[in-house]
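Engineer: Structure incoming, see below.
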Amino acid sequence: MKFLAITLIADSADPVTGVPTPTRERFREVVAAAELAESLGFDGFGVGERHERPFLSSSPPVVLSHIAALTRRIRLFTAVTTLSLLDPVRAYEDYATLDHLCDGRLELMIGKGNGTAQRELFHVTPEDQWERNTEGYELFRRIWREEEVTAEPRFRPALTKAEVLPRPYQRAVRVWHGSATSRESVDLAARYGDPLFSANVTHPIGPYAELIRHYRERWEHYGHDPAHAVVGAGTAGYHAAPTSQQAALAYRPAFARYLDTHRRQGLDPVFPTLEDFIERSSALIGSPQQVIEKVHRYHEEFGHTVLHLQAEPGGLTAAEHRASLELFQSDIAPVLRREIPDPSFPDR
């Protein structure tokens, strides 16, 4: 099994004092989190893309380029690149450049993104967002693989024998399709033989398991080898401690922030208590053995071989979060790496 640490770079405040963190400092925290993830042995580090409050992650290629200069081994992910909002030519230029700067450590996750504010910012509608996502990906994919591209897309000007530079470092970058509930994303991933990354953070296991089953069905429908259908999955939260009681006690302030966010948005929380959150959500909160058992329980439904954890503390203190990540790598990851196979990718 492979493990990623991912951040959406939320604009945040100190969990103890409540004082807002300056934007410059937030970016420094993200870079430090990436360096820590590499030093602890995580396989990848991901930066999200959002174009609305409370997130500062509007430019993942810039952030990842800086991280690339400070790391050597860890793979660099987007989580997710919102191709429904972007010109695929410009997106290609950014990521092909990053591909060289990181010596081919780049992997992309793509998705349509969500949120009314960012749709309005880019003049994307609920009616055309899926068509934009599909068109953007198909054009991006062609540009990455072809020296010259001729195309007449609907959502950007036509291309006639267009040469887009620089040519990438990797012949074919691996592209994951991020999906929360969408069959459109799942079908697009299966059609092109790409891996799927299930968000797996908002609801209980059922809807995500159903979507992954659909992905595997569509994968076979398009004639791909079932052995190469690769699935990753997110987690709604993570904190491990020597005992379950210690883990729950430390995580309670983070859960209080989760409830407060729902209240401010006028939403009823899916998991109203911490105990319910620990039991029914994908959050991994408990002793190392409890975390291992829960990952296995989800693996029985998903068959996933890649897992992401939150790269940053959230409602925990920095010291608590670091100790928890260290415990993950010392007591949890070795067991899961041994018991759950690594993803099997087809030749690109």
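Residue names in the structure tokens use chain letters A, B, ... in the order shown, residue numbers from 1 in each chain, and ligand numbers from 1 in the order shown.
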Got a sec: who's within 10 Å of Leu36 (chain A), counting only C-alpha atoms, leaving out chain neighbours fewer than 2 positions off, as an MDAnalysis selection string?

Structural biologist: chainID A and resid 5 30:34 38:42 71 311 322 325:326

Engineer: Next, write the just-selected residues to a file, as an mmCIF file, in the first residue's frame, keeping N, CA and C atoms as the atom set.

Structural biologist:
```
data_model
loop_
_atom_site.group_PDB
_atom_site.id
_atom_site.type_symbol
_atom_site.label_atom_id
_atom_site.label_comp_id
_atom_site.auth_asym_id
_atom_site.auth_seq_id
_atom_site.Cartn_x
_atom_site.Cartn_y
_atom_site.Cartn_z
ATOM 1 N N ALA A 5 0.230 12.287 1.783
ATOM 2 C CA ALA A 5 -0.189 13.354 2.694
ATOM 3 C C ALA A 5 -0.697 14.498 1.823
ATOM 4 N N VAL A 30 2.907 24.746 4.809
ATOM 5 C CA VAL A 30 2.670 23.718 3.798
ATOM 6 C C VAL A 30 3.994 23.124 3.309
ATOM 7 N N VAL A 31 4.945 23.986 3.030
ATOM 8 C CA VAL A 31 6.249 23.510 2.570
ATOM 9 C C VAL A 31 6.902 22.638 3.649
ATOM 10 N N ALA A 32 6.805 23.078 4.902
ATOM 11 C CA ALA A 32 7.366 22.283 5.997
ATOM 12 C C ALA A 32 6.674 20.937 6.115
ATOM 13 N N ALA A 33 5.355 20.916 5.885
ATOM 14 C CA ALA A 33 4.617 19.651 5.938
ATOM 15 C C ALA A 33 5.092 18.693 4.859
ATOM 16 N N ALA A 34 5.410 19.226 3.677
ATOM 17 C CA ALA A 34 5.910 18.381 2.595
ATOM 18 C C ALA A 34 7.284 17.813 2.936
ATOM 19 N N GLU A 38 8.197 13.772 3.448
ATOM 20 C CA GLU A 38 9.288 13.044 2.796
ATOM 21 C C GLU A 38 10.212 12.399 3.822
ATOM 22 N N SER A 39 10.544 13.133 4.873
ATOM 23 C CA SER A 39 11.469 12.597 5.872
ATOM 24 C C SER A 39 10.883 11.405 6.617
ATOM 25 N N LEU A 40 9.558 11.378 6.759
ATOM 26 C CA LEU A 40 8.914 10.270 7.471
ATOM 27 C C LEU A 40 8.685 9.052 6.593
ATOM 28 N N GLY A 41 8.787 9.205 5.278
ATOM 29 C CA GLY A 41 8.635 8.061 4.391
ATOM 30 C C GLY A 41 7.324 7.969 3.643
ATOM 31 N N PHE A 42 6.541 9.058 3.600
ATOM 32 C CA PHE A 42 5.329 9.037 2.784
ATOM 33 C C PHE A 42 5.719 8.934 1.306
ATOM 34 N N THR A 71 12.755 18.883 -2.048
ATOM 35 C CA THR A 71 12.617 17.446 -1.812
ATOM 36 C C THR A 71 13.323 16.695 -2.931
ATOM 37 N N ALA A 311 -2.191 16.250 5.670
ATOM 38 C CA ALA A 311 -0.785 16.621 5.837
ATOM 39 C C ALA A 311 -0.575 17.598 6.983
ATOM 40 N N ARG A 322 2.505 15.843 14.506
ATOM 41 C CA ARG A 322 3.767 15.216 14.133
ATOM 42 C C ARG A 322 3.934 13.866 14.826
ATOM 43 N N LEU A 325 1.801 11.345 13.019
ATOM 44 C CA LEU A 325 2.371 10.901 11.744
ATOM 45 C C LEU A 325 3.564 9.978 11.964
ATOM 46 N N GLU A 326 4.374 10.277 12.967
ATOM 47 C CA GLU A 326 5.503 9.404 13.280
ATOM 48 C C GLU A 326 5.006 8.029 13.712
#
```

Engineer: Pick from A:Ile74, A:Ile340, A:Ala250, A:Ile9: nearest to Ala323 (chain A), with only C-alpha atoms counted?

Structural biologist: A:Ala250

Engineer: Tell me, as an MDAnalysis selection string, which residues lie within 12 Å of region 48-59 of chain A, counting only C-alpha atoms; anything in the same chain fewer than 4 positions away does not count.

Structural biologist: chainID A and resid 5:13 20:27 30 63:66 76:86 91 94:95 108:122 178 261 310:311

Engineer: Could you write those residues out with C-alpha atoms, as a CSV table (one decimal), in the first residue's frame?

Structural biologist:
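To be explicit, this is the file written out as part32.csv:
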```
chain,number,residue,atom,x,y,z
A,5,ALA,CA,-0.2,13.4,2.7
A,6,ILE,CA,-2.5,16.0,1.2
A,7,THR,CA,-3.4,19.6,2.1
A,8,LEU,CA,-6.1,21.9,0.7
A,9,ILE,CA,-4.2,24.9,2.3
A,10,ALA,CA,-7.2,26.2,4.3
A,11,ASP,CA,-6.8,29.7,5.6
A,12,SER,CA,-6.6,28.9,9.3
A,13,ALA,CA,-6.0,30.2,12.8
A,20,PRO,CA,-5.3,34.0,12.2
A,21,THR,CA,-2.2,32.7,10.5
A,22,PRO,CA,-0.7,35.2,8.0
A,23,THR,CA,-0.9,33.9,4.5
A,24,ARG,CA,2.9,33.9,4.1
A,25,GLU,CA,3.2,31.7,7.1
A,26,ARG,CA,0.5,29.4,5.9
A,27,PHE,CA,2.5,28.7,2.8
A,30,VAL,CA,2.7,23.7,3.8
A,63,VAL,CA,3.5,25.6,-4.6
A,64,LEU,CA,4.6,22.2,-5.9
A,65,SER,CA,7.4,23.7,-7.8
A,66,HIS,CA,8.8,25.2,-4.6
A,76,LEU,CA,4.1,15.3,-6.1
A,77,PHE,CA,0.3,15.3,-6.6
A,78,THR,CA,-2.5,17.7,-7.3
A,79,ALA,CA,-5.6,17.1,-5.4
A,80,VAL,CA,-7.5,18.0,-7.5
A,81,THR,CA,-6.6,20.0,-10.7
A,82,THR,CA,-9.9,21.6,-11.6
A,83,LEU,CA,-9.8,21.1,-15.4
A,84,SER,CA,-13.4,22.2,-15.7
A,85,LEU,CA,-12.3,25.7,-14.8
A,86,LEU,CA,-8.9,25.9,-16.6
A,91,ALA,CA,-2.7,23.9,-17.5
A,94,ASP,CA,2.3,24.7,-16.1
A,95,TYR,CA,2.4,21.0,-15.4
A,108,LEU,CA,-2.1,14.6,-11.3
A,109,MET,CA,-5.5,14.2,-9.8
A,110,ILE,CA,-8.2,15.9,-11.9
A,111,GLY,CA,-11.8,16.7,-11.2
A,112,LYS,CA,-14.5,19.3,-12.0
A,113,GLY,CA,-14.1,20.9,-8.6
A,114,ASN,CA,-17.0,22.1,-6.5
A,115,GLY,CA,-18.4,25.3,-5.0
A,116,THR,CA,-20.6,28.0,-6.4
A,117,ALA,CA,-18.1,30.8,-5.9
A,118,GLN,CA,-15.4,29.3,-8.0
A,119,ARG,CA,-17.8,28.3,-10.7
A,120,GLU,CA,-19.0,31.9,-10.9
A,121,LEU,CA,-15.5,33.2,-10.9
A,122,PHE,CA,-14.7,31.2,-14.1
A,178,GLY,CA,-10.9,12.4,-8.2
A,261,THR,CA,-18.0,24.7,10.3
A,310,GLN,CA,-4.2,15.0,6.2
A,311,ALA,CA,-0.8,16.6,5.8
```

Engineer: Could you tell me which of A:Leu259, A:Ala283, A:Ala247, A:Ala96 comes closest to Ser324 (chain A) if we count only C-alpha atoms?

Structural biologist: A:Ala247

Engineer: Would you work out the distance separating CA of Pro343 (chain A) from CA of Glu293 (chain A), expressed in Å to one decimal?

Structural biologist: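 If I compute the distance from CA of Pro343 (chain A) to CA of Glu293 (chain A), I get 19.7 Å.
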
Engineer: Would you mind reading off the distance between CA of Phe345 (chain A) and CA of Val306 (chain A), one decimal, in Å?

Structural biologist: 12.0 Å

Engineer: Just want the 9 Å neighbourhood of His296 (chain A), counted on only C-alpha atoms, with same-chain residues fewer than 5 positions away dropped. Output as a list in words.

Structural biologist: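 Listing them by chain and then by number gives Val291, Glu301, Leu336 and Ile340 of chain A.
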
Engineer: Return as a list in words the full set of residues in region 27-65 of chain A whose backbone-based DSSP assignment is strand (DSSP E or B).

Structural biologist: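 Assigned to strand (DSSP E or B), within region 27-65 of chain A: Gly44, Phe45, Gly46, Val47 and Phe55 of chain A.
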
Engineer: I'd like to know which residues of region 205-318 of chain A are helix (DSSP H, G or I) (by DSSP, run on the backbone); could you write them as an NGL selection string?

Structural biologist: :A and (205-221 or 226-228 or 244-264 or 274-280 or 288-302 or 318)

Engineer: Can you work out the spacing between CA of Glu131 (chain A) and CA of Gly46 (chain A) in Å, to one decimal?

Structural biologist: 25.4 Å

Engineer: Please identify all polymer residues within 9 Å of region 158-173 of chain A, counting only C-alpha atoms, omitting same-chain residues fewer than 5 positions from it, and present them as a count of residues only.

Structural biologist: 29

Engineer: Need the shell around region 230-243 of chain A: protein/DNA/RNA residues with any atom at most 8 Å away, counting only C-alpha atoms. Skip same-chain ones fewer than 2 positions apart. Format as number ranges by chain?

Structural biologist: A: 194-202, 212, 228, 245-247, 251, 281-288, 291, 302-310, 321, 324-325, 327-328, 343-345

Engineer: Nearest to Arg183 (chain A): which of A:Ile205, A:Ile278, A:Leu211, A:Cys102 is it, counting only C-alpha atoms?

Structural biologist: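 Distance minimum relative to Arg183 (chain A) lands on A:Leu211.
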
Engineer: Tell me which protein, DNA and RNA residues are within 9 Å of Glu184 (chain A), counting only C-alpha atoms, leaving out same-chain ones fewer than 5 positions away, and put them as a PDB file with all heavy atoms, in the first residue's frame.

Structural biologist:
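Output (selection-v9.pdb):
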```pdb
ATOM      1  N   TRP A 130     -19.491  19.299 -16.431  1.00  0.00           N
ATOM      2  CA  TRP A 130     -18.982  17.961 -16.744  1.00  0.00           C
ATOM      3  C   TRP A 130     -18.430  17.905 -18.161  1.00  0.00           C
ATOM      4  O   TRP A 130     -17.407  17.254 -18.401  1.00  0.00           O
ATOM      5  CB  TRP A 130     -20.082  16.912 -16.551  1.00  0.00           C
ATOM      6  CG  TRP A 130     -20.400  16.696 -15.110  1.00  0.00           C
ATOM      7  CD1 TRP A 130     -21.562  16.987 -14.461  1.00  0.00           C
ATOM      8  CD2 TRP A 130     -19.511  16.181 -14.115  1.00  0.00           C
ATOM      9  NE1 TRP A 130     -21.464  16.688 -13.133  1.00  0.00           N
ATOM     10  CE2 TRP A 130     -20.219  16.186 -12.890  1.00  0.00           C
ATOM     11  CE3 TRP A 130     -18.198  15.725 -14.137  1.00  0.00           C
ATOM     12  CZ2 TRP A 130     -19.644  15.744 -11.700  1.00  0.00           C
ATOM     13  CZ3 TRP A 130     -17.628  15.281 -12.948  1.00  0.00           C
ATOM     14  CH2 TRP A 130     -18.349  15.292 -11.758  1.00  0.00           C
ATOM     15  N   THR A 134     -14.535  16.923 -19.105  1.00  0.00           N
ATOM     16  CA  THR A 134     -14.179  15.886 -20.073  1.00  0.00           C
ATOM     17  C   THR A 134     -13.365  16.462 -21.225  1.00  0.00           C
ATOM     18  O   THR A 134     -12.320  15.930 -21.599  1.00  0.00           O
ATOM     19  CB  THR A 134     -15.449  15.202 -20.609  1.00  0.00           C
ATOM     20  OG1 THR A 134     -16.141  14.575 -19.525  1.00  0.00           O
ATOM     21  CG2 THR A 134     -15.093  14.151 -21.647  1.00  0.00           C
ATOM     22  N   SER A 179     -13.078  11.717  -7.397  1.00  0.00           N
ATOM     23  CA  SER A 179     -14.539  11.677  -7.450  1.00  0.00           C
ATOM     24  C   SER A 179     -15.111  11.507  -6.058  1.00  0.00           C
ATOM     25  O   SER A 179     -14.599  10.719  -5.259  1.00  0.00           O
ATOM     26  CB  SER A 179     -15.017  10.523  -8.341  1.00  0.00           C
ATOM     27  OG  SER A 179     -16.431  10.496  -8.393  1.00  0.00           O
ATOM     28  N   ALA A 189     -12.554   8.050 -16.107  1.00  0.00           N
ATOM     29  CA  ALA A 189     -11.355   7.330 -15.657  1.00  0.00           C
ATOM     30  C   ALA A 189     -11.293   5.942 -16.271  1.00  0.00           C
ATOM     31  O   ALA A 189     -10.248   5.517 -16.787  1.00  0.00           O
ATOM     32  CB  ALA A 189     -11.355   7.241 -14.138  1.00  0.00           C
TER      33      ALA A 189
END
```
